[in-house]
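K.L.:
I have a structure I would like to understand better, so I am pasting it below and will then ask my questions one at a time.
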Amino acid sequence: MTLAWRHLPRTLHLETSSPRIRKKCPLSGAFWTSVTKRSLHTKPRMPPCDFTPERYQSLAYDRVLEIHKQHLSPVLVSYFSEPLLLHQGHMEWLFDYEGNRYLDFFSGIVTVGVGHCHPKVNALAQKQLGRLWHTSGFFFHPSIHEYAEKLSALFPEPLKVIFFMNSGSEANDLAMLMARAHSNNTDIISFRGAYHGCSPNTLNLSNIVSFKTKLPLGIGCQSTMCPDVFRGPWGGSHCRDSPVQTIRKCSCAPDCCQAKDQYIEQFKDTLNTSVAKSIAGFFAEPIQGVNGFVQYPKGFLKEAFELVRERGGVCIADEVQTGFGRLGSHFWGFQTHGVLPDIVSMAKGIANGFPMAAVVTSPEIAKSLAKSVLHFSTFGGNPMACAIGSAVLEVIKEENLQKNSQEVGTYMLLKLAKLRDEFEIVGDVRGKGLMIGIEMVKDKMSRQPLPREEVNQIHEDCKRMGLLIGRGGIFSQTFRIAPPMCITKPEVDFAVEVFRSALIQHMERRAK
């Protein structure tokens, strides 16, 4: 279904590009094959946008930088040498303070699922804003019950009990507590490269060096090898549930995977050497997020879940980035693995950027938590969040966004795979639906990560041409692509052309 507002008169054409100029490139060799040369002064033509942003009338850019330096966190997290000051958003588009338009292919870290300031979501949020903002859990209000009924209908039995929170970190913190309360055990396993939050407890689950600290934080968290079929020790030519496989070769029959078997042996080794005989649980993102959208071999999670349950543990699916139709073939990431978790955590896309999160579990596990502790959240499940959450579910259904994720995501994956075949520094293209990783390498043979400085240059060039993409991976070597689920194939064509142009420009710099 395409709504009428998507066909408003085209009132804005903020040109950030000039017509393409192509000619044969004299350069060739190990780093590229048959690429074309593009003048550094030209950009791919950006698709039109049916929206006029308001004029920016707030703080001057230099004043923003000054305030940020004086009063905000000194932890450096902003992208680009000159941080981008954004002013307004509309669907898949963002506008900066100078009126420049950008195609958003990262969605505020995989959060804005249905589009920035979606008209229906805005309207229902404004309606609730004029009715009731906040009550706390001590009083009932209909929006939480309406939303709980809608959300629970999207889960199979016995996952029917919902706890509302405000962030993914808070949700995973609660999921850890649930696992320990229900199992009466302590040890929890998570993958190396995993990110499950930034609270004192979830930092122990997150196994990326930048999230590790020398400070004593919690107990009982153990990492295990990530079954990464591109960068890990084992991988083959049809390991992943994706239209695009790795460049690695194998002799596996279509119905078996030797790489999966090897990674399962590593998982068993962790169980036999690094945790107690009985454990509390195992956390897994259906596709790793911060680590660069890493996919596991087909069948791995199913076997791992069985091993965890044999040890008395529960299995937790972290759907903070993968949920709500983004993967296309299924609404939840765990469904793509053919598994049924005991606990599911979610946030980000649940409310399109409004602070909201949830944990869904069985009545049995919910009762174990209730016997162990009085769990309470002042803001969790507030009227505003639940009204927005309901609106998001309605939009996903009405606009067939899950189907769009499948069709447009597959289209983009196949186009990006051609760039992998063309450029030696593009080591891997992977993903499912609209969750796509592009891993940059020095060369395909070594698979060593492209130096951060070089990846930064490519990133800056994409931004200069009007495309915003994310970063990920242990060495920040992977570009993460996760646009709002409303994007179209012409916008994908533009994004791929921009990325290809950025790669060509990078190879020209190298050649000099």
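Ligands are numbered from 1 in the order shown, residues from 1 within each chain, and chains are lettered A, B, ... in the order they appear in the structure tokens.
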Fewer than 3 positions away in the same chain doesn't count, so skip those; otherwise give me all residues within 12 Å of Arg131 (chain A), counting only C-alpha atoms, as a ChimeraX atom specification.
P.N.:
/A:124-128,134-135,141-143,383-384,387
K.L.:
Those residues you just picked out, can you put them in a file as a PDB file, in the first residue's frame with N, CA and C atoms?
P.N.:
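That gives us part08.pdb:
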```pdb
ATOM      1  N   LEU A 124      -0.358  10.486  15.613  1.00  0.00           N
ATOM      2  CA  LEU A 124      -0.796   9.745  16.798  1.00  0.00           C
ATOM      3  C   LEU A 124      -0.017  10.159  18.039  1.00  0.00           C
ATOM      4  N   ALA A 125       1.268  10.510  17.867  1.00  0.00           N
ATOM      5  CA  ALA A 125       2.053  10.999  19.000  1.00  0.00           C
ATOM      6  C   ALA A 125       1.504  12.338  19.496  1.00  0.00           C
ATOM      7  N   GLN A 126       1.174  13.227  18.566  1.00  0.00           N
ATOM      8  CA  GLN A 126       0.622  14.530  18.949  1.00  0.00           C
ATOM      9  C   GLN A 126      -0.736  14.388  19.625  1.00  0.00           C
ATOM     10  N   LYS A 127      -1.521  13.430  19.156  1.00  0.00           N
ATOM     11  CA  LYS A 127      -2.826  13.192  19.770  1.00  0.00           C
ATOM     12  C   LYS A 127      -2.665  12.739  21.222  1.00  0.00           C
ATOM     13  N   GLN A 128      -1.723  11.805  21.445  1.00  0.00           N
ATOM     14  CA  GLN A 128      -1.480  11.329  22.809  1.00  0.00           C
ATOM     15  C   GLN A 128      -0.854  12.423  23.665  1.00  0.00           C
ATOM     16  N   HIS A 134       2.127  10.926  31.126  1.00  0.00           N
ATOM     17  CA  HIS A 134       2.798  10.039  32.080  1.00  0.00           C
ATOM     18  C   HIS A 134       1.876   9.707  33.243  1.00  0.00           C
ATOM     19  N   THR A 135       1.975   8.458  33.689  1.00  0.00           N
ATOM     20  CA  THR A 135       1.207   8.049  34.872  1.00  0.00           C
ATOM     21  C   THR A 135       2.047   7.277  35.866  1.00  0.00           C
ATOM     22  N   HIS A 141      -3.471   2.786  32.114  1.00  0.00           N
ATOM     23  CA  HIS A 141      -3.915   3.640  31.023  1.00  0.00           C
ATOM     24  C   HIS A 141      -4.075   2.744  29.805  1.00  0.00           C
ATOM     25  N   PRO A 142      -5.020   3.021  28.936  1.00  0.00           N
ATOM     26  CA  PRO A 142      -5.333   2.067  27.864  1.00  0.00           C
ATOM     27  C   PRO A 142      -4.227   1.864  26.846  1.00  0.00           C
ATOM     28  N   SER A 143      -3.373   2.850  26.608  1.00  0.00           N
ATOM     29  CA  SER A 143      -2.393   2.692  25.530  1.00  0.00           C
ATOM     30  C   SER A 143      -1.405   1.561  25.803  1.00  0.00           C
ATOM     31  N   PRO A 383       2.402   6.332  28.507  1.00  0.00           N
ATOM     32  CA  PRO A 383       1.389   6.510  27.449  1.00  0.00           C
ATOM     33  C   PRO A 383       1.953   6.975  26.117  1.00  0.00           C
ATOM     34  N   MET A 384       2.922   7.884  26.135  1.00  0.00           N
ATOM     35  CA  MET A 384       3.497   8.379  24.886  1.00  0.00           C
ATOM     36  C   MET A 384       4.212   7.262  24.131  1.00  0.00           C
ATOM     37  N   ALA A 387       1.730   4.655  22.672  1.00  0.00           N
ATOM     38  CA  ALA A 387       0.973   5.176  21.528  1.00  0.00           C
ATOM     39  C   ALA A 387       1.843   5.190  20.276  1.00  0.00           C
TER      40      ALA A 387
END
```
K.L.:
Report the residues of region 347-486 of chain A whose backbone DSSP state falls under alpha helix (DSSP H), written as a VMD selection string.
P.N.:
chain A and resid 363 to 372 383 to 398 401 to 422 452 to 464
K.L.:
Region 292-301 of chain A: which residues within 9 Å, counting only C-alpha atoms, same-chain residues fewer than 2 positions away excluded, as a PDB file with N, CA, C and O atoms, in the first residue's frame?
P.N.:
```pdb
ATOM      1  N   GLY A 193      32.769  -9.946  20.088  1.00  0.00           N
ATOM      2  CA  GLY A 193      32.235  -9.014  19.098  1.00  0.00           C
ATOM      3  C   GLY A 193      30.805  -8.595  19.377  1.00  0.00           C
ATOM      4  O   GLY A 193      30.265  -7.750  18.673  1.00  0.00           O
ATOM      5  N   CYS A 226      33.051 -15.973  18.171  1.00  0.00           N
ATOM      6  CA  CYS A 226      31.992 -15.602  17.241  1.00  0.00           C
ATOM      7  C   CYS A 226      32.134 -16.446  15.970  1.00  0.00           C
ATOM      8  O   CYS A 226      33.212 -16.468  15.366  1.00  0.00           O
ATOM      9  N   PRO A 227      31.082 -17.120  15.544  1.00  0.00           N
ATOM     10  CA  PRO A 227      31.162 -17.937  14.326  1.00  0.00           C
ATOM     11  C   PRO A 227      31.066 -17.081  13.064  1.00  0.00           C
ATOM     12  O   PRO A 227      30.093 -17.150  12.302  1.00  0.00           O
ATOM     13  N   ASP A 228      32.102 -16.283  12.843  1.00  0.00           N
ATOM     14  CA  ASP A 228      32.167 -15.356  11.705  1.00  0.00           C
ATOM     15  C   ASP A 228      32.771 -16.088  10.515  1.00  0.00           C
ATOM     16  O   ASP A 228      33.975 -16.381  10.489  1.00  0.00           O
ATOM     17  N   VAL A 229      31.965 -16.382   9.511  1.00  0.00           N
ATOM     18  CA  VAL A 229      32.423 -17.220   8.397  1.00  0.00           C
ATOM     19  C   VAL A 229      33.260 -16.442   7.383  1.00  0.00           C
ATOM     20  O   VAL A 229      33.803 -17.041   6.452  1.00  0.00           O
ATOM     21  N   PHE A 230      33.389 -15.126   7.554  1.00  0.00           N
ATOM     22  CA  PHE A 230      34.324 -14.368   6.713  1.00  0.00           C
ATOM     23  C   PHE A 230      35.664 -14.181   7.406  1.00  0.00           C
ATOM     24  O   PHE A 230      36.707 -14.549   6.876  1.00  0.00           O
ATOM     25  N   GLY A 235      35.042 -20.991   7.240  1.00  0.00           N
ATOM     26  CA  GLY A 235      33.979 -20.385   6.451  1.00  0.00           C
ATOM     27  C   GLY A 235      33.969 -20.969   5.057  1.00  0.00           C
ATOM     28  O   GLY A 235      35.003 -21.467   4.578  1.00  0.00           O
ATOM     29  N   HIS A 238      28.614 -21.361   1.101  1.00  0.00           N
ATOM     30  CA  HIS A 238      27.156 -21.252   1.280  1.00  0.00           C
ATOM     31  C   HIS A 238      26.759 -21.417   2.744  1.00  0.00           C
ATOM     32  O   HIS A 238      25.810 -22.105   3.082  1.00  0.00           O
ATOM     33  N   CYS A 239      27.512 -20.737   3.632  1.00  0.00           N
ATOM     34  CA  CYS A 239      27.266 -20.835   5.071  1.00  0.00           C
ATOM     35  C   CYS A 239      26.082 -19.992   5.538  1.00  0.00           C
ATOM     36  O   CYS A 239      25.392 -20.354   6.486  1.00  0.00           O
ATOM     37  N   ARG A 240      25.876 -18.838   4.881  1.00  0.00           N
ATOM     38  CA  ARG A 240      25.007 -17.811   5.459  1.00  0.00           C
ATOM     39  C   ARG A 240      23.592 -17.843   4.889  1.00  0.00           C
ATOM     40  O   ARG A 240      23.374 -18.242   3.742  1.00  0.00           O
ATOM     41  N   ASP A 241      22.660 -17.354   5.702  1.00  0.00           N
ATOM     42  CA  ASP A 241      21.291 -17.125   5.242  1.00  0.00           C
ATOM     43  C   ASP A 241      21.251 -15.744   4.618  1.00  0.00           C
ATOM     44  O   ASP A 241      20.811 -14.767   5.214  1.00  0.00           O
ATOM     45  N   SER A 242      21.752 -15.655   3.384  1.00  0.00           N
ATOM     46  CA  SER A 242      21.890 -14.373   2.706  1.00  0.00           C
ATOM     47  C   SER A 242      21.967 -14.605   1.207  1.00  0.00           C
ATOM     48  O   SER A 242      22.462 -15.650   0.764  1.00  0.00           O
ATOM     49  N   CYS A 257      27.376 -28.119   6.786  1.00  0.00           N
ATOM     50  CA  CYS A 257      28.315 -26.994   6.862  1.00  0.00           C
ATOM     51  C   CYS A 257      29.430 -27.362   7.833  1.00  0.00           C
ATOM     52  O   CYS A 257      29.214 -27.417   9.052  1.00  0.00           O
ATOM     53  N   ALA A 259      32.027 -25.601   8.537  1.00  0.00           N
ATOM     54  CA  ALA A 259      32.374 -24.441   9.357  1.00  0.00           C
ATOM     55  C   ALA A 259      31.479 -24.384  10.592  1.00  0.00           C
ATOM     56  O   ALA A 259      31.955 -24.151  11.706  1.00  0.00           O
ATOM     57  N   LYS A 260      30.176 -24.608  10.389  1.00  0.00           N
ATOM     58  CA  LYS A 260      29.252 -24.610  11.529  1.00  0.00           C
ATOM     59  C   LYS A 260      29.666 -25.655  12.555  1.00  0.00           C
ATOM     60  O   LYS A 260      29.684 -25.393  13.768  1.00  0.00           O
ATOM     61  N   ASP A 261      30.038 -26.834  12.094  1.00  0.00           N
ATOM     62  CA  ASP A 261      30.441 -27.910  13.014  1.00  0.00           C
ATOM     63  C   ASP A 261      31.681 -27.519  13.806  1.00  0.00           C
ATOM     64  O   ASP A 261      31.781 -27.805  15.008  1.00  0.00           O
ATOM     65  N   TYR A 263      32.664 -24.421  14.573  1.00  0.00           N
ATOM     66  CA  TYR A 263      32.306 -23.382  15.559  1.00  0.00           C
ATOM     67  C   TYR A 263      31.511 -23.966  16.728  1.00  0.00           C
ATOM     68  O   TYR A 263      31.639 -23.504  17.872  1.00  0.00           O
ATOM     69  N   ILE A 264      30.692 -24.972  16.466  1.00  0.00           N
ATOM     70  CA  ILE A 264      29.970 -25.644  17.547  1.00  0.00           C
ATOM     71  C   ILE A 264      30.959 -26.325  18.500  1.00  0.00           C
ATOM     72  O   ILE A 264      30.778 -26.314  19.730  1.00  0.00           O
ATOM     73  N   ALA A 284      22.460 -13.898  22.345  1.00  0.00           N
ATOM     74  CA  ALA A 284      22.908 -13.820  20.950  1.00  0.00           C
ATOM     75  C   ALA A 284      22.059 -12.833  20.172  1.00  0.00           C
ATOM     76  O   ALA A 284      20.830 -12.849  20.272  1.00  0.00           O
ATOM     77  N   PRO A 286      20.656 -12.099  16.595  1.00  0.00           N
ATOM     78  CA  PRO A 286      20.469 -12.914  15.388  1.00  0.00           C
ATOM     79  C   PRO A 286      21.454 -12.560  14.275  1.00  0.00           C
ATOM     80  O   PRO A 286      21.893 -13.431  13.527  1.00  0.00           O
ATOM     81  N   ILE A 287      21.778 -11.287  14.144  1.00  0.00           N
ATOM     82  CA  ILE A 287      22.911 -10.818  13.348  1.00  0.00           C
ATOM     83  C   ILE A 287      23.638  -9.810  14.220  1.00  0.00           C
ATOM     84  O   ILE A 287      23.012  -8.905  14.773  1.00  0.00           O
ATOM     85  N   GLN A 288      24.951  -9.961  14.382  1.00  0.00           N
ATOM     86  CA  GLN A 288      25.667  -9.035  15.261  1.00  0.00           C
ATOM     87  C   GLN A 288      25.599  -7.614  14.701  1.00  0.00           C
ATOM     88  O   GLN A 288      25.829  -7.393  13.508  1.00  0.00           O
ATOM     89  N   GLY A 289      25.308  -6.653  15.584  1.00  0.00           N
ATOM     90  CA  GLY A 289      25.131  -5.281  15.156  1.00  0.00           C
ATOM     91  C   GLY A 289      26.414  -4.478  15.118  1.00  0.00           C
ATOM     92  O   GLY A 289      26.972  -4.203  14.054  1.00  0.00           O
ATOM     93  N   VAL A 290      26.912  -4.095  16.275  1.00  0.00           N
ATOM     94  CA  VAL A 290      28.077  -3.216  16.366  1.00  0.00           C
ATOM     95  C   VAL A 290      29.312  -3.855  15.723  1.00  0.00           C
ATOM     96  O   VAL A 290      30.186  -3.157  15.214  1.00  0.00           O
ATOM     97  N   GLU A 303      21.740 -25.438  17.301  1.00  0.00           N
ATOM     98  CA  GLU A 303      22.546 -26.382  18.083  1.00  0.00           C
ATOM     99  C   GLU A 303      23.049 -25.748  19.374  1.00  0.00           C
ATOM    100  O   GLU A 303      23.078 -26.398  20.425  1.00  0.00           O
ATOM    101  N   ALA A 304      23.443 -24.480  19.307  1.00  0.00           N
ATOM    102  CA  ALA A 304      23.933 -23.807  20.509  1.00  0.00           C
ATOM    103  C   ALA A 304      22.832 -23.701  21.566  1.00  0.00           C
ATOM    104  O   ALA A 304      23.083 -23.911  22.764  1.00  0.00           O
ATOM    105  N   PHE A 305      21.616 -23.375  21.144  1.00  0.00           N
ATOM    106  CA  PHE A 305      20.498 -23.289  22.092  1.00  0.00           C
ATOM    107  C   PHE A 305      20.271 -24.635  22.786  1.00  0.00           C
ATOM    108  O   PHE A 305      19.997 -24.690  24.001  1.00  0.00           O
ATOM    109  N   GLU A 306      20.360 -25.722  22.044  1.00  0.00           N
ATOM    110  CA  GLU A 306      20.177 -27.050  22.653  1.00  0.00           C
ATOM    111  C   GLU A 306      21.245 -27.327  23.706  1.00  0.00           C
ATOM    112  O   GLU A 306      20.944 -27.849  24.791  1.00  0.00           O
ATOM    113  N   PHE A 334      15.236 -14.008  15.297  1.00  0.00           N
ATOM    114  CA  PHE A 334      15.371 -15.385  15.766  1.00  0.00           C
ATOM    115  C   PHE A 334      14.632 -16.361  14.861  1.00  0.00           C
ATOM    116  O   PHE A 334      15.013 -17.532  14.726  1.00  0.00           O
ATOM    117  N   HIS A 337      16.562 -18.144  12.139  1.00  0.00           N
ATOM    118  CA  HIS A 337      17.428 -19.254  12.554  1.00  0.00           C
ATOM    119  C   HIS A 337      16.618 -20.508  12.919  1.00  0.00           C
ATOM    120  O   HIS A 337      17.217 -21.529  13.282  1.00  0.00           O
ATOM    121  N   GLY A 338      15.311 -20.424  12.858  1.00  0.00           N
ATOM    122  CA  GLY A 338      14.489 -21.575  13.206  1.00  0.00           C
ATOM    123  C   GLY A 338      14.558 -21.950  14.672  1.00  0.00           C
ATOM    124  O   GLY A 338      14.478 -23.127  15.020  1.00  0.00           O
ATOM    125  N   VAL A 339      14.703 -20.950  15.547  1.00  0.00           N
ATOM    126  CA  VAL A 339      14.796 -21.204  16.991  1.00  0.00           C
ATOM    127  C   VAL A 339      13.687 -20.466  17.724  1.00  0.00           C
ATOM    128  O   VAL A 339      13.093 -19.512  17.204  1.00  0.00           O
ATOM    129  N   ARG A 430      27.592  -8.685   3.097  1.00  0.00           N
ATOM    130  CA  ARG A 430      26.771  -9.669   3.798  1.00  0.00           C
ATOM    131  C   ARG A 430      25.515  -9.017   4.333  1.00  0.00           C
ATOM    132  O   ARG A 430      25.397  -7.780   4.385  1.00  0.00           O
ATOM    133  N   GLY A 431      24.585  -9.836   4.748  1.00  0.00           N
ATOM    134  CA  GLY A 431      23.405  -9.313   5.395  1.00  0.00           C
ATOM    135  C   GLY A 431      22.136  -9.951   4.886  1.00  0.00           C
ATOM    136  O   GLY A 431      22.135 -10.892   4.085  1.00  0.00           O
ATOM    137  N   LYS A 432      21.052  -9.383   5.370  1.00  0.00           N
ATOM    138  CA  LYS A 432      19.726  -9.907   5.070  1.00  0.00           C
ATOM    139  C   LYS A 432      18.745  -8.762   5.192  1.00  0.00           C
ATOM    140  O   LYS A 432      18.803  -8.000   6.159  1.00  0.00           O
ATOM    141  N   MET A 435      19.713  -4.880   6.480  1.00  0.00           N
ATOM    142  CA  MET A 435      20.782  -4.906   7.475  1.00  0.00           C
ATOM    143  C   MET A 435      22.011  -5.488   6.771  1.00  0.00           C
ATOM    144  O   MET A 435      22.168  -6.704   6.674  1.00  0.00           O
ATOM    145  N   ILE A 436      22.863  -4.608   6.250  1.00  0.00           N
ATOM    146  CA  ILE A 436      23.911  -5.003   5.312  1.00  0.00           C
ATOM    147  C   ILE A 436      25.269  -4.489   5.790  1.00  0.00           C
ATOM    148  O   ILE A 436      25.407  -3.322   6.160  1.00  0.00           O
ATOM    149  N   GLY A 437      26.262  -5.367   5.766  1.00  0.00           N
ATOM    150  CA  GLY A 437      27.621  -4.995   6.128  1.00  0.00           C
ATOM    151  C   GLY A 437      28.552  -5.077   4.933  1.00  0.00           C
ATOM    152  O   GLY A 437      28.446  -5.994   4.113  1.00  0.00           O
ATOM    153  N   ILE A 438      29.452  -4.093   4.813  1.00  0.00           N
ATOM    154  CA  ILE A 438      30.483  -4.086   3.779  1.00  0.00           C
ATOM    155  C   ILE A 438      31.829  -4.009   4.493  1.00  0.00           C
ATOM    156  O   ILE A 438      32.190  -2.970   5.043  1.00  0.00           O
ATOM    157  N   GLU A 439      32.560  -5.113   4.500  1.00  0.00           N
ATOM    158  CA  GLU A 439      33.817  -5.150   5.240  1.00  0.00           C
ATOM    159  C   GLU A 439      34.988  -4.802   4.331  1.00  0.00           C
ATOM    160  O   GLU A 439      35.191  -5.430   3.283  1.00  0.00           O
ATOM    161  N   ARG A 471      29.293   2.745  10.776  1.00  0.00           N
ATOM    162  CA  ARG A 471      30.553   2.005  10.909  1.00  0.00           C
ATOM    163  C   ARG A 471      30.382   0.916  11.950  1.00  0.00           C
ATOM    164  O   ARG A 471      29.540   0.984  12.833  1.00  0.00           O
ATOM    165  N   GLY A 472      31.217  -0.106  11.849  1.00  0.00           N
ATOM    166  CA  GLY A 472      31.187  -1.193  12.810  1.00  0.00           C
ATOM    167  C   GLY A 472      32.423  -2.056  12.672  1.00  0.00           C
ATOM    168  O   GLY A 472      33.304  -1.794  11.847  1.00  0.00           O
ATOM    169  N   GLY A 473      32.478  -3.122  13.469  1.00  0.00           N
ATOM    170  CA  GLY A 473      33.608  -4.037  13.436  1.00  0.00           C
ATOM    171  C   GLY A 473      34.615  -3.741  14.521  1.00  0.00           C
ATOM    172  O   GLY A 473      34.714  -2.620  15.024  1.00  0.00           O
ATOM    173  N   ILE A 474      35.378  -4.760  14.887  1.00  0.00           N
ATOM    174  CA  ILE A 474      36.393  -4.624  15.931  1.00  0.00           C
ATOM    175  C   ILE A 474      37.372  -3.507  15.609  1.00  0.00           C
ATOM    176  O   ILE A 474      37.833  -2.774  16.488  1.00  0.00           O
ATOM    177  N   SER A 476      36.681  -1.041  13.317  1.00  0.00           N
ATOM    178  CA  SER A 476      35.900  -0.023  12.612  1.00  0.00           C
ATOM    179  C   SER A 476      36.091  -0.121  11.100  1.00  0.00           C
ATOM    180  O   SER A 476      36.083   0.875  10.387  1.00  0.00           O
ATOM    181  N   GLN A 477      36.240  -1.361  10.627  1.00  0.00           N
ATOM    182  CA  GLN A 477      36.568  -1.599   9.226  1.00  0.00           C
ATOM    183  C   GLN A 477      35.350  -1.907   8.363  1.00  0.00           C
ATOM    184  O   GLN A 477      35.478  -2.066   7.142  1.00  0.00           O
ATOM    185  N   THR A 478      34.170  -1.965   8.966  1.00  0.00           N
ATOM    186  CA  THR A 478      32.975  -2.363   8.236  1.00  0.00           C
ATOM    187  C   THR A 478      31.992  -1.211   8.155  1.00  0.00           C
ATOM    188  O   THR A 478      31.720  -0.538   9.153  1.00  0.00           O
ATOM    189  N   PHE A 479      31.462  -0.988   6.958  1.00  0.00           N
ATOM    190  CA  PHE A 479      30.379  -0.024   6.796  1.00  0.00           C
ATOM    191  C   PHE A 479      29.056  -0.741   7.078  1.00  0.00           C
ATOM    192  O   PHE A 479      28.793  -1.816   6.530  1.00  0.00           O
ATOM    193  N   ARG A 480      28.255  -0.112   7.921  1.00  0.00           N
ATOM    194  CA  ARG A 480      26.942  -0.681   8.250  1.00  0.00           C
ATOM    195  C   ARG A 480      25.857   0.093   7.505  1.00  0.00           C
ATOM    196  O   ARG A 480      25.781   1.322   7.602  1.00  0.00           O
ATOM    197  N   ILE A 481      25.025  -0.633   6.797  1.00  0.00           N
ATOM    198  CA  ILE A 481      23.941  -0.040   6.023  1.00  0.00           C
ATOM    199  C   ILE A 481      22.619  -0.562   6.563  1.00  0.00           C
ATOM    200  O   ILE A 481      22.346  -1.764   6.522  1.00  0.00           O
TER     201      ILE A 481
END
```
K.L.:
Have a look at A:Ile365, A:Leu503, A:Phe267, A:Gln406 and name the one nearest to Glu422 (chain A); count only C-alpha atoms.
P.N.:
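Residue with the minimum atom-to-atom distance to Glu422 (chain A): A:Leu503.
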K.L.:
What are the DSSP strand (DSSP E or B) residues of region 248-437 of chain A, as a PyMOL selection string?
P.N.:
chain A and resi 281-284+288+294+314-318+343-346+357-361+423+426-432+435-437
K.L.:
Write out as number ranges by chain each polymer residue whose atoms come within 8 Å of region 269-277 of chain A, counting only C-alpha atoms; drop sequence neighbours fewer than 6 positions from it.
P.N.:
A: 187, 222, 224, 311
K.L.:
Of the candidates A:Leu340, A:Ile316, A:Cys486, A:Val77, which shows the shortest atom-to-atom distance to Trp93 (chain A), using only C-alpha atoms?
P.N.:
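So, comparing all the options, the nearest one is A:Cys486.
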K.L.:
Quick check, in Å to one decimal: how far apart do CA of Ser199 (chain A) and CA of Glu170 (chain A) lie?
P.N.:
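Taking CA of Ser199 (chain A) as the start and CA of Glu170 (chain A) as the end point, the length is 7.3 Å.
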K.L.:
Give the answer as one residue: which of A:Met465, A:Leu307, A:Leu65, A:Ala511 has the shortest atom-to-atom distance to Ser78 (chain A), using only C-alpha atoms?
P.N.:
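Between A:Met465, A:Leu307, A:Leu65, A:Ala511, the residue approaching Ser78 (chain A) most closely is A:Leu65.
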K.L.:
Do you know which residues are at most 10 Å from Asn172 (chain A) counting only C-alpha atoms, after dropping those on the same chain fewer than 2 positions away, and could you put them as a PyMOL selection string?
P.N.:
chain A and resi 165+167-170+174-178+196-199+201-202+205+283+316-318+320+343-347+357-359
K.L.:
Would you mind reading off the distance between CA of Met485 (chain A) and CA of His118 (chain A), one decimal, in Å?
P.N.:
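Taking CA of Met485 (chain A) as the start and CA of His118 (chain A) as the end point, the length is 11.7 Å.
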K.L.:
Do you know which residues are at most 9 Å from Phe105 (chain A) counting only C-alpha atoms, after dropping those on the same chain fewer than 4 positions away, and could you put them as a PyMOL selection string?
P.N.:
chain A and resi 92+110+467-470+480-484+495
K.L.:
Considering only C-alpha atoms, state which residue in the set A:Ile162, A:Ile396, A:Leu85, A:Ile144 is at the smallest distance from Gly99 (chain A).
P.N.:
A:Leu85
K.L.:
Using only C-alpha atoms, which protein or nucleic acid residues come within 12 Å of Val64 (chain A)? Drop anything in the same chain fewer than 5 positions from it, and give the result as a list in words.
P.N.:
Ser58, Leu59, Lys69, Gln70, His71, Leu72, Glu82, Pro83, Leu84, Leu85, Leu86 and Tyr97 of chain A
